[in-house]
$ cat model_9.pdb   # PDB, C-alpha atoms and all ligand atoms
ATOM      1  CA  MET A 751       0.845-179.205  67.237
ATOM      2  CA  VAL A 752      -2.597-180.032  68.549
ATOM      3  CA  GLN A 753      -4.528-182.135  66.058
ATOM      4  CA  LYS A 754      -8.078-181.019  65.401
ATOM      5  CA  SER A 755     -10.430-183.829  64.507
ATOM      6  CA  GLN A 756     -13.861-182.425  65.411
ATOM      7  CA  PHE A 757     -15.202-179.474  63.428
ATOM      8  CA  VAL A 758     -18.271-177.323  64.117
ATOM      9  CA  GLY A 759     -19.879-178.257  60.806
ATOM     10  CA  GLN A 760     -20.041-181.947  61.738
ATOM     11  CA  LEU A 761     -21.374-181.663  65.299
ATOM     12  CA  LYS A 762     -24.815-183.101  66.144
ATOM     13  CA  ASP A 763     -27.131-183.061  69.133
ATOM     14  CA  LYS A 764     -25.784-185.086  72.110
ATOM     15  CA  ASP A 765     -22.254-185.391  70.658
ATOM     16  CA  GLY A 766     -19.442-185.463  73.181
ATOM     17  CA  VAL A 767     -16.790-182.903  72.295
ATOM     18  CA  GLN A 768     -13.076-182.878  72.943
ATOM     19  CA  ALA A 769     -11.565-180.413  70.503
ATOM     20  CA  PRO A 770      -9.968-176.995  70.149
ATOM     21  CA  PHE A 771     -11.893-173.944  68.880
ATOM     22  CA  LEU A 772     -11.148-170.278  68.278
ATOM     23  CA  VAL A 773     -13.040-167.902  70.584
ATOM     24  CA  LYS A 774     -14.964-165.352  68.536
ATOM     25  CA  PHE A 775     -16.971-163.794  71.357
ATOM     26  CA  SER A 776     -16.878-164.043  75.135
ATOM     27  CA  GLN A 777     -19.135-162.346  77.644
ATOM     28  CA  VAL A 778     -20.196-162.965  81.228
ATOM     29  CA  GLY A 779     -23.979-163.225  81.662
ATOM     30  CA  MET A 780     -26.154-163.508  84.721
ATOM     31  CA  GLY A 781     -28.389-166.586  85.128
ATOM     32  CA  LYS A 782     -31.953-166.449  86.463
ATOM     33  CA  ASN A 783     -30.616-167.902  89.714
ATOM     34  CA  GLY A 784     -28.179-164.996  90.061
ATOM     35  CA  LYS A 785     -25.187-167.130  89.150
ATOM     36  CA  PRO A 786     -22.800-165.786  86.510
ATOM     37  CA  PHE A 787     -22.196-167.848  83.378
ATOM     38  CA  LEU A 788     -19.967-167.473  80.367
ATOM     39  CA  ASN A 789     -21.561-166.946  76.971
ATOM     40  CA  LEU A 790     -19.204-167.868  74.117
ATOM     41  CA  VAL A 791     -19.202-168.084  70.363
ATOM     42  CA  LEU A 792     -16.647-170.650  69.226
ATOM     43  CA  MET A 793     -15.558-171.106  65.649
ATOM     44  CA  ASP A 794     -13.341-173.012  63.244
ATOM     45  CA  ASN A 795     -12.987-173.005  59.489
ATOM     46  CA  SER A 796     -16.290-174.898  59.124
ATOM     47  CA  GLY A 797     -18.583-172.581  61.092
ATOM     48  CA  GLU A 798     -19.645-171.135  64.430
ATOM     49  CA  LEU A 799     -21.286-172.515  67.538
ATOM     50  CA  GLU A 800     -22.669-170.929  70.676
ATOM     51  CA  ALA A 801     -21.356-172.292  73.947
ATOM     52  CA  ARG A 802     -22.219-171.895  77.620
ATOM     53  CA  VAL A 803     -20.027-172.370  80.646
ATOM     54  CA  TRP A 804     -22.023-172.748  83.850
ATOM     55  CA  GLU A 805     -19.230-173.682  86.261
ATOM     56  CA  ASN A 806     -15.993-171.937  87.254
ATOM     57  CA  THR A 807     -17.053-168.806  85.387
ATOM     58  CA  ALA A 808     -14.743-166.530  87.351
ATOM     59  CA  LYS A 809     -11.736-168.711  86.542
ATOM     60  CA  TYR A 810     -12.370-168.656  82.785
ATOM     61  CA  ALA A 811     -13.799-165.156  82.336
ATOM     62  CA  GLY A 812     -10.497-163.267  82.263
ATOM     63  CA  GLN A 813      -8.646-165.849  80.140
ATOM     64  CA  VAL A 814     -11.069-167.137  77.560
ATOM     65  CA  VAL A 815     -11.294-163.990  75.482
ATOM     66  CA  ARG A 816     -11.709-163.206  71.790
ATOM     67  CA  ASP A 817      -8.964-164.601  69.494
ATOM     68  CA  VAL A 818      -7.547-167.270  71.844
ATOM     69  CA  VAL A 819      -7.827-170.950  70.961
ATOM     70  CA  VAL A 820      -9.189-173.215  73.684
ATOM     71  CA  MET A 821      -9.275-176.978  74.040
ATOM     72  CA  VAL A 822     -12.866-177.658  75.023
ATOM     73  CA  GLN A 823     -14.438-180.632  76.708
ATOM     74  CA  GLY A 824     -18.197-180.708  76.711
ATOM     75  CA  LYS A 825     -21.429-181.868  75.171
ATOM     76  CA  VAL A 826     -23.641-180.632  72.343
ATOM     77  CA  GLN A 827     -27.265-179.881  73.201
ATOM     78  CA  SER A 828     -30.187-178.721  71.164
ATOM     79  CA  TYR A 829     -31.554-175.466  72.590
ATOM     80  CA  GLN A 830     -34.450-173.543  70.988
ATOM     81  CA  GLY A 831     -33.908-175.302  67.661
ATOM     82  CA  ARG A 832     -30.180-174.589  67.554
ATOM     83  CA  LEU A 833     -27.097-176.462  68.643
ATOM     84  CA  GLN A 834     -25.232-175.238  71.680
ATOM     85  CA  LEU A 835     -22.130-176.589  73.357
ATOM     86  CA  VAL A 836     -22.219-176.974  77.135
ATOM     87  CA  VAL A 837     -18.628-176.728  78.290
ATOM     88  CA  ALA A 838     -17.342-178.780  81.202
ATOM     89  CA  GLU A 839     -13.703-177.807  80.957
ATOM     90  CA  MET A 840     -11.451-175.541  78.909
ATOM     91  CA  GLN A 841      -7.759-175.006  78.478
ATOM     92  CA  ILE A 842      -6.038-172.269  76.493
ATOM     93  CA  LEU A 843      -3.647-173.459  73.777
ATOM     94  CA  ARG A 844      -0.256-171.902  73.136
ATOM     95  CA  GLU A 845       0.291-170.066  69.847
ATOM     96  CA  ASP A 846       2.807-172.645  68.570
ATOM     97  CA  ASP A 847       0.315-175.476  69.111
ATOM     98  CA  ILE A 848      -2.121-173.900  66.665
ATOM     99  CA  THR A 849      -2.544-174.550  62.940
ATOM    100  CA  TRP A 850      -4.428-171.353  62.092
ATOM    101  CA  SER A 851      -5.943-172.660  58.870
ATOM    102  CA  ASP A 852      -8.051-175.048  60.991
ATOM    103  CA  TYR A 853      -9.767-172.090  62.621
ATOM    104  CA  LEU A 854      -9.892-169.144  60.236
ATOM    105  CA  GLN A 855     -12.672-168.759  57.721
ATOM    106  CA  LYS A 856     -11.568-169.341  54.173
ATOM    107  CA  SER A 857     -12.206-166.582  51.700
ATOM    108  CA  LYS A 858     -15.094-167.337  49.358
ATOM    109  CA  VAL A 859     -13.673-165.112  46.676
ATOM    110  CA  ASP A 860     -10.420-164.389  44.834
ATOM    111  CA  PRO A 861      -9.371-160.923  46.055
ATOM    112  CA  GLU A 862      -6.609-160.550  43.454
ATOM    113  CA  ALA A 863      -9.031-161.159  40.579
ATOM    114  CA  LEU A 864     -11.574-158.796  42.168
ATOM    115  CA  HIS A 865      -8.945-156.077  42.517
ATOM    116  CA  GLY A 866      -8.152-156.516  38.815
ATOM    117  CA  GLN A 867     -11.833-155.969  38.004
ATOM    118  CA  LEU A 868     -11.852-152.900  40.242
ATOM    119  CA  LEU A 869      -8.893-151.436  38.327
ATOM    120  CA  SER A 870     -10.641-151.919  34.989
ATOM    121  CA  GLN A 871     -13.778-150.286  36.394
ATOM    122  CA  ILE A 872     -11.599-147.301  37.381
ATOM    123  CA  ALA A 873      -9.901-147.224  33.971
ATOM    124  CA  SER A 874     -13.299-146.777  32.324
ATOM    125  CA  MET A 875     -14.050-143.544  34.226
ATOM    126  CA  GLN A 876     -14.199-140.339  32.129
ATOM    127  CA  ASP A 877     -13.739-137.425  34.506
ATOM    128  CA  PRO A 878      -9.996-136.899  35.168
ATOM    129  CA  PHE A 879     -10.595-135.589  38.712
ATOM    130  CA  TYR A 880     -12.882-138.418  39.742
ATOM    131  CA  ARG A 881     -10.611-141.002  38.127
ATOM    132  CA  ALA A 882      -7.511-139.579  39.831
ATOM    133  CA  LEU A 883      -9.313-139.719  43.175
ATOM    134  CA  ALA A 884     -10.287-143.369  42.651
ATOM    135  CA  GLU A 885      -6.727-144.251  41.614
ATOM    136  CA  SER A 886      -5.189-142.456  44.592
ATOM    137  CA  VAL A 887      -7.173-144.709  46.945
ATOM    138  CA  LEU A 888      -7.608-148.053  45.183
ATOM    139  CA  LYS A 889      -4.513-148.257  42.980
ATOM    140  CA  ASP A 890      -1.697-146.106  44.399
ATOM    141  CA  ASP A 891      -2.226-146.519  48.151
ATOM    142  CA  ALA A 892      -0.514-149.810  49.031
ATOM    143  CA  GLU A 893      -1.787-149.823  52.625
ATOM    144  CA  ILE A 894      -5.417-149.454  51.546
ATOM    145  CA  VAL A 895      -5.112-152.015  48.736
ATOM    146  CA  GLY A 896      -3.475-154.535  51.105
ATOM    147  CA  LEU A 897      -6.206-154.185  53.720
ATOM    148  CA  LEU A 898      -8.976-154.203  51.115
ATOM    149  CA  LYS A 899      -7.901-157.602  49.789
ATOM    150  CA  ARG A 900      -8.433-159.159  53.227
ATOM    151  CA  ALA A 901     -11.273-157.161  54.788
ATOM    152  CA  PRO A 902     -14.744-158.512  55.464
ATOM    153  CA  ALA A 903     -17.631-156.125  54.777
ATOM    154  CA  ALA A 904     -19.207-156.607  58.192
ATOM    155  CA  LYS A 905     -18.812-158.266  61.575
ATOM    156  CA  THR A 906     -21.695-160.688  61.097
ATOM    157  CA  VAL A 907     -24.467-159.486  58.837
ATOM    158  CA  HIS A 908     -23.399-159.590  55.170
ATOM    159  CA  HIS A 909     -20.183-160.497  53.275
ATOM    160  CA  ALA A 910     -18.693-161.328  56.700
ATOM    161  CA  TYR A 911     -15.659-163.229  55.393
ATOM    162  CA  PRO A 912     -12.168-162.262  54.184
ATOM    163  CA  GLY A 913     -12.441-160.523  50.823
ATOM    164  CA  GLY A 914     -16.114-159.793  51.453
ATOM    165  CA  LEU A 915     -15.620-156.022  51.253
ATOM    166  CA  ILE A 916     -13.973-156.017  47.827
ATOM    167  CA  GLU A 917     -16.587-158.520  46.597
ATOM    168  CA  HIS A 918     -19.351-156.158  47.804
ATOM    169  CA  ILE A 919     -17.653-153.134  46.177
ATOM    170  CA  VAL A 920     -17.140-154.791  42.779
ATOM    171  CA  SER A 921     -20.642-156.305  42.809
ATOM    172  CA  ILE A 922     -22.308-152.960  43.556
ATOM    173  CA  THR A 923     -20.247-151.127  40.970
ATOM    174  CA  ARG A 924     -21.286-153.635  38.288
ATOM    175  CA  VAL A 925     -24.949-152.985  39.061
ATOM    176  CA  LEU A 926     -24.281-149.225  39.116
ATOM    177  CA  ASP A 927     -22.621-149.521  35.693
ATOM    178  CA  PHE A 928     -25.791-151.116  34.331
ATOM    179  CA  LEU A 929     -27.970-148.412  35.899
ATOM    180  CA  ALA A 930     -25.737-145.683  34.484
ATOM    181  CA  GLY A 931     -26.493-147.052  31.011
ATOM    182  CA  HIS A 932     -30.167-147.461  31.833
ATOM    183  CA  TYR A 933     -30.736-143.922  33.124
ATOM    184  CA  GLY A 934     -28.333-142.313  30.643
ATOM    185  CA  SER A 935     -27.715-138.610  30.933
ATOM    186  CA  ALA A 936     -29.888-138.262  34.050
ATOM    187  CA  VAL A 937     -27.034-139.612  36.142
ATOM    188  CA  ASP A 938     -23.247-139.237  36.320
ATOM    189  CA  ARG A 939     -21.652-142.676  35.793
ATOM    190  CA  ASP A 940     -18.330-141.639  37.371
ATOM    191  CA  LEU A 941     -20.065-140.447  40.512
ATOM    192  CA  LEU A 942     -22.052-143.676  40.752
ATOM    193  CA  PHE A 943     -18.767-145.579  40.515
ATOM    194  CA  LEU A 944     -17.213-143.502  43.292
ATOM    195  CA  GLY A 945     -20.234-144.267  45.453
ATOM    196  CA  GLY A 946     -19.683-147.989  44.840
ATOM    197  CA  PHE A 947     -15.950-147.728  45.520
ATOM    198  CA  PHE A 948     -15.929-145.462  48.545
ATOM    199  CA  HIS A 949     -19.186-145.884  50.467
ATOM    200  CA  ASP A 950     -17.778-148.646  52.703
ATOM    201  CA  ILE A 951     -14.040-148.274  52.050
ATOM    202  CA  ALA A 952     -13.315-147.067  55.599
ATOM    203  CA  LYS A 953     -14.490-150.427  56.932
ATOM    204  CA  ILE A 954     -10.850-151.441  56.481
ATOM    205  CA  TRP A 955     -10.226-149.271  59.561
ATOM    206  CA  GLU A 956     -13.622-149.550  61.214
ATOM    207  CA  LEU A 957     -13.125-153.289  61.690
ATOM    208  CA  SER A 958     -10.183-155.304  62.935
ATOM    209  CA  PHE A 959      -9.938-158.661  61.191
ATOM    210  CA  GLU A 960      -6.641-160.304  62.065
ATOM    211  CA  LYS A 961      -8.369-163.473  63.294
ATOM    212  CA  THR A 962     -11.961-162.858  64.255
ATOM    213  CA  THR A 963     -13.731-159.640  63.264
ATOM    214  CA  ASP A 964     -14.667-156.861  65.649
ATOM    215  CA  TYR A 965     -15.041-153.091  65.663
ATOM    216  CA  THR A 966     -11.953-150.982  66.361
ATOM    217  CA  THR A 967     -12.056-148.076  68.803
ATOM    218  CA  GLN A 968     -11.836-145.703  65.845
ATOM    219  CA  GLY A 969     -14.704-147.604  64.229
ATOM    220  CA  LYS A 970     -16.872-147.323  67.318
ATOM    221  CA  LEU A 971     -16.127-143.676  68.036
ATOM    222  CA  VAL A 972     -16.170-142.305  64.471
ATOM    223  CA  GLY A 973     -17.552-144.970  62.081
ATOM    224  CA  HIS A 974     -16.984-145.756  58.406
ATOM    225  CA  LEU A 975     -19.130-142.976  56.961
ATOM    226  CA  VAL A 976     -17.281-140.094  58.579
ATOM    227  CA  MET A 977     -13.937-141.893  58.195
ATOM    228  CA  GLY A 978     -14.681-142.310  54.478
ATOM    229  CA  ALA A 979     -15.416-138.596  54.106
ATOM    230  CA  GLU A 980     -12.167-137.810  55.930
ATOM    231  CA  LEU A 981     -10.283-140.072  53.521
ATOM    232  CA  VAL A 982     -11.681-138.128  50.534
ATOM    233  CA  GLU A 983     -10.636-134.848  52.157
ATOM    234  CA  ARG A 984      -7.101-136.179  52.703
ATOM    235  CA  LYS A 985      -6.710-137.658  49.216
ATOM    236  CA  VAL A 986      -7.958-134.486  47.495
ATOM    237  CA  ARG A 987      -5.448-132.469  49.499
ATOM    238  CA  GLU A 988      -2.654-134.870  48.501
ATOM    239  CA  LEU A 989      -3.657-134.772  44.824
ATOM    240  CA  ASP A 990      -3.692-130.970  44.870
ATOM    241  CA  ALA A 991      -0.251-130.937  46.500
ATOM    242  CA  ARG A 992       1.319-133.216  43.888
ATOM    243  CA  GLU A 993       2.765-131.070  41.178
ATOM    244  CA  GLY A 994       1.423-131.947  37.728
ATOM    245  CA  ARG A 995      -0.957-134.699  38.909
ATOM    246  CA  LEU A 996      -4.075-132.685  38.088
ATOM    247  CA  ALA A 997      -4.532-130.054  35.376
ATOM    248  CA  ALA A 998      -6.285-127.744  37.860
ATOM    249  CA  PRO A 999      -7.154-127.750  41.557
ATOM    250  CA  PHE A1000      -9.718-130.450  42.450
ATOM    251  CA  PRO A1001     -13.100-128.686  42.146
ATOM    252  CA  GLU A1002     -14.700-128.075  45.530
ATOM    253  CA  TYR A1003     -18.215-129.039  44.401
ATOM    254  CA  LYS A1004     -16.978-132.393  43.064
ATOM    255  CA  LYS A1005     -15.373-133.153  46.406
ATOM    256  CA  LEU A1006     -18.659-132.339  48.138
ATOM    257  CA  LEU A1007     -20.616-134.619  45.808
ATOM    258  CA  VAL A1008     -18.263-137.520  46.556
ATOM    259  CA  LYS A1009     -18.438-136.944  50.313
ATOM    260  CA  HIS A1010     -22.217-136.796  50.058
ATOM    261  CA  LEU A1011     -22.319-140.264  48.425
ATOM    262  CA  ILE A1012     -20.470-141.705  51.414
ATOM    263  CA  LEU A1013     -22.267-139.801  54.159
ATOM    264  CA  ALA A1014     -25.756-140.448  52.755
ATOM    265  CA  HIS A1015     -25.402-144.137  51.833
ATOM    266  CA  HIS A1016     -27.214-145.507  54.890
ATOM    267  CA  GLY A1017     -30.236-143.609  53.609
ATOM    268  CA  LYS A1018     -31.758-142.442  56.859
ATOM    269  CA  LEU A1019     -30.606-140.523  59.895
ATOM    270  CA  GLU A1020     -31.681-143.390  62.171
ATOM    271  CA  TYR A1021     -29.459-145.790  60.204
ATOM    272  CA  GLY A1022     -26.383-143.684  60.909
ATOM    273  CA  SER A1023     -26.282-141.307  57.952
ATOM    274  CA  PRO A1024     -25.842-137.655  59.026
ATOM    275  CA  VAL A1025     -27.629-136.560  55.828
ATOM    276  CA  MET A1026     -30.269-138.155  53.605
ATOM    277  CA  PRO A1027     -29.473-138.796  49.905
ATOM    278  CA  GLN A1028     -30.021-135.490  48.095
ATOM    279  CA  THR A1029     -28.618-136.314  44.667
ATOM    280  CA  LEU A1030     -29.852-138.971  42.252
ATOM    281  CA  GLU A1031     -26.484-140.721  42.422
ATOM    282  CA  ALA A1032     -26.550-140.859  46.241
ATOM    283  CA  LEU A1033     -30.103-142.193  46.163
ATOM    284  CA  ILE A1034     -29.182-144.944  43.701
ATOM    285  CA  VAL A1035     -26.019-145.902  45.623
ATOM    286  CA  HIS A1036     -28.064-146.186  48.815
ATOM    287  CA  TYR A1037     -30.667-148.498  47.277
ATOM    288  CA  ILE A1038     -28.138-150.704  45.471
ATOM    289  CA  ASP A1039     -25.971-150.983  48.601
ATOM    290  CA  ASP A1040     -29.004-152.055  50.598
ATOM    291  CA  LEU A1041     -30.015-154.553  47.909
ATOM    292  CA  ASP A1042     -26.556-156.099  47.527
ATOM    293  CA  SER A1043     -26.082-156.590  51.266
ATOM    294  CA  LYS A1044     -29.550-158.129  51.678
ATOM    295  CA  VAL A1045     -29.125-160.522  48.732
ATOM    296  CA  ASN A1046     -25.808-161.736  50.184
ATOM    297  CA  GLN A1047     -27.149-161.978  53.716
ATOM    298  CA  ILE A1048     -30.461-163.706  52.963
ATOM    299  CA  GLY A1049     -28.873-165.939  50.317
ATOM    300  CA  GLY A1050     -26.356-167.124  52.914
ATOM    301  CA  PHE A1051     -29.106-167.647  55.483
ATOM    302  CA  ILE A1052     -31.148-169.827  53.121
ATOM    303  CA  ALA A1053     -28.075-171.809  52.028
ATOM    304  CA  GLN A1054     -27.105-172.575  55.639
ATOM    305  CA  ASP A1055     -30.577-173.391  56.911
ATOM    306  CA  ILE A1056     -30.951-176.985  58.107
ATOM    307  CA  SER A1057     -34.659-176.945  59.016
ATOM    308  CA  PRO A1058     -36.588-179.862  57.521
ATOM    309  CA  GLY A1059     -39.280-178.970  54.973
ATOM    310  CA  ASP A1060     -39.772-176.156  52.500
ATOM    311  CA  TRP A1061     -39.282-173.205  54.843
ATOM    312  CA  THR A1062     -36.289-171.861  56.733
ATOM    313  CA  ALA A1063     -36.232-171.235  60.472
ATOM    314  CA  LEU A1064     -37.271-167.738  61.561
ATOM    315  CA  ASN A1065     -34.850-165.065  60.388
ATOM    316  CA  LYS A1066     -34.856-162.707  63.360
ATOM    317  CA  HIS A1067     -33.140-159.915  61.492
ATOM    318  CA  HIS A1068     -35.881-159.737  58.869
ATOM    319  CA  ASN A1069     -38.646-161.108  61.090
ATOM    320  CA  ARG A1070     -39.867-163.686  58.581
ATOM    321  CA  PHE A1071     -39.416-167.233  57.340
ATOM    322  CA  PHE A1072     -37.936-167.720  53.872
ATOM    323  CA  TYR A1073     -39.272-170.190  51.323
ATOM    324  CA  LYS A1074     -36.669-172.690  50.141
ATOM    325  CA  GLY A1075     -38.847-174.279  47.462
ATOM    326  CA  GLU A1076     -40.416-177.729  47.383
ATOM    327  CA  SER A1077     -38.047-180.302  48.818
TER     328      SER A1077
HETATM  329 FE    FE B   1     -22.061-148.734  55.080
HETATM  330 FE    FE B   2     -22.124-151.315  51.671
END
$ encode --input "model_9.pdb" --output "structure tokens"
Amino acid sequence: MVQKSQFVGQLKDKDGVQAPFLVKFSQVGMGKNGKPFLNLVLMDNSGELEARVWENTAKYAGQVVRDVVVMVQGKVQSYQGRLQLVVAEMQILREDDITWSDYLQKSKVDPEALHGQLLSQIASMQDPFYRALAESVLKDDAEIVGLLKRAPAAKTVHHAYPGGLIEHIVSITRVLDFLAGHYGSAVDRDLLFLGGFFHDIAKIWELSFEKTTDYTTQGKLVGHLVMGAELVERKVRELDAREGRLAAPFPEYKKLLVKHLILAHHGKLEYGSPVMPQTLEALIVHYIDDLDSKVNQIGGFIAQDISPGDWTALNKHHNRFFYKGES
């Protein structure tokens, strides 16, 4: 076993580094002088750090790839207000030298407890067709439930840690439950719930998250909106085929309304939705999804900011500084 004594979270400017890290991202770039360099993101269970390799790029490029653990020798530098590791030498570690818990992000949530909350949300649904559809995916399908308890909700942006997807789903559905009470008969509570449950469910196949998180080929070529709509199609067909499961065939218009919630949840065509929200429920799911992801993302950004003073560093994603309050 290789002992790990230096962790990303403790590194400071000008520190010498001799420690193993998990490779999250690896790409060859071209320097201004025309020389290739290696651009890496290294991680361990305490955080992430960008790294550059200026020498022997060709030697490392094919080996130092995503999901390997490398012993790194180098030095920490401050570059444009952020820490960066300049690597002098690297060596790939063998699988049996690695204690994975040193490298993998810990879940910030309790997926078992969240799944329990999800099941009680489902149990409170009124419409037998909608409830059966929710159960067929989130209760009876062991593969889906297993993946859901480990999946992050995104590669980097929001809820990007194990269990992040189920946290996002339960959080949204709680807000939708409140709004269902608030708007009363103008909206269908069961449909709102299905929007919360299913809008991002296909991220369990869109992303691979064994060690680090990345998009799968299926995720890149099809994406979680269309894959989610396909899942609904498949589950409705299975429910209809199971003798005695439903009192009547699953109504076509209800299936369309559920698919619409998934396909419209990004809100705009330029954000990847093939259709814009055209029901009240789809509109509400879109806004609450957007709100929940932003609160998680910006909250995390503010919590991790180390800039001195009352304001955060520039958040490039939102193109603004955030106010941390008087220090
Ligand atoms: Fe989404
Ligand atoms: Fe979402």
$ residues_around --input "model_9.pdb" --residues "region 1040-1045 of chain A" --least-positions-apart "3" --cutoff "10 Å" --atoms "all atoms listed in the file" --output "PDB file with C-alpha atoms, in the frame of the given file"
ATOM      1  CA  ALA A 903     -17.631-156.125  54.777  1.00  0.00           C
ATOM      2  CA  ALA A 904     -19.207-156.607  58.192  1.00  0.00           C
ATOM      3  CA  VAL A 907     -24.467-159.486  58.837  1.00  0.00           C
ATOM      4  CA  HIS A 908     -23.399-159.590  55.170  1.00  0.00           C
ATOM      5  CA  HIS A 909     -20.183-160.497  53.275  1.00  0.00           C
ATOM      6  CA  HIS A 918     -19.351-156.158  47.804  1.00  0.00           C
ATOM      7  CA  ILE A 919     -17.653-153.134  46.177  1.00  0.00           C
ATOM      8  CA  SER A 921     -20.642-156.305  42.809  1.00  0.00           C
ATOM      9  CA  ILE A 922     -22.308-152.960  43.556  1.00  0.00           C
ATOM     10  CA  VAL A 925     -24.949-152.985  39.061  1.00  0.00           C
ATOM     11  CA  HIS A1015     -25.402-144.137  51.833  1.00  0.00           C
ATOM     12  CA  HIS A1016     -27.214-145.507  54.890  1.00  0.00           C
ATOM     13  CA  GLY A1017     -30.236-143.609  53.609  1.00  0.00           C
ATOM     14  CA  ILE A1034     -29.182-144.944  43.701  1.00  0.00           C
ATOM     15  CA  VAL A1035     -26.019-145.902  45.623  1.00  0.00           C
ATOM     16  CA  HIS A1036     -28.064-146.186  48.815  1.00  0.00           C
ATOM     17  CA  TYR A1037     -30.667-148.498  47.277  1.00  0.00           C
ATOM     18  CA  ILE A1048     -30.461-163.706  52.963  1.00  0.00           C
ATOM     19  CA  GLY A1049     -28.873-165.939  50.317  1.00  0.00           C
ATOM     20  CA  GLY A1050     -26.356-167.124  52.914  1.00  0.00           C
ATOM     21  CA  PHE A1051     -29.106-167.647  55.483  1.00  0.00           C
ATOM     22  CA  HIS A1068     -35.881-159.737  58.869  1.00  0.00           C
TER      23      HIS A1068
END
$ residues_near_ligand --input "model_9.pdb" --ligand "ligand FE 1 (chain B)" --cutoff "8 Å" --atoms "only C-alpha atoms and all ligand atoms" --output "list in words"
His949, Asp950, Lys953, His974, Leu975, His1015, His1016 and Asp1039 of chain A
$ resolve_selection --input "model_9.pdb" --expression "the PyMOL selection byres (((chain A and resi 842-854) around 8) and not hetatm)" --output "number ranges by chain"
A: 751-752, 754, 771-772, 793-796, 813-814, 818-821, 840-841, 855-856, 961-962
$ atom_distance --input "model_9.pdb" --atom1 "CA of Asp890 (chain A)" --atom2 "CA of Ile1038 (chain A)"
26.9 Å
$ residues_around --input "model_9.pdb" --residues "Leu1007 (chain A)" --least-positions-apart "5" --cutoff "9 Å" --atoms "all atoms listed in the file" --output "list in words"
Leu941, Glu1002, Thr1029 and Ala1032 of chain A
$ closest_residue --input "model_9.pdb" --among "A:Leu915, A:Val758, A:Leu942, A:Leu1033" --to "Leu957 (chain A)" --atoms "only C-alpha atoms"
A:Leu915
$ residues_around --input "model_9.pdb" --residues "Tyr1073 (chain A)" --least-positions-apart "3" --cutoff "8 Å" --atoms "all atoms listed in the file" --output "PyMOL selection string"
chain A and resi 1060-1062
$ closest_residue --input "model_9.pdb" --among "A:Ala801, A:Leu1011, A:Val887, A:Leu944" --to "Leu833 (chain A)" --atoms "only C-alpha atoms"
A:Ala801
$ axis_aligned_box --input "model_9.pdb" --around "region 780-797 of chain A" --padding-each-side "4 Å" --output "lines of an AutoDock Vina configuration file"
center_x = -22.5
center_y = -169.2
center_z = 74.6
size_x = 27.0
size_y = 19.4
size_z = 38.9
$ resolve_selection --input "model_9.pdb" --expression "the PyMOL selection byres (((chain A and resi 930) around 12) and not hetatm)" --output "ChimeraX atom specification"
/A:875,923-929,931-943,1030-1031,1034-1035
$ closest_residue --input "model_9.pdb" --among "A:Leu799, A:Ile1052, A:Ala991, A:Ala1014" --to "Ala979 (chain A)" --atoms "all atoms listed in the file"
A:Ala1014
$ atom_distance --input "model_9.pdb" --atom1 "CA of Gly812 (chain A)" --atom2 "CA of Trp955 (chain A)"
26.7 Å
$ closest_residue --input "model_9.pdb" --among "A:Arg881, A:Arg832, A:His865, A:Lys970" --to "Val920 (chain A)" --atoms "only C-alpha atoms"
A:His865
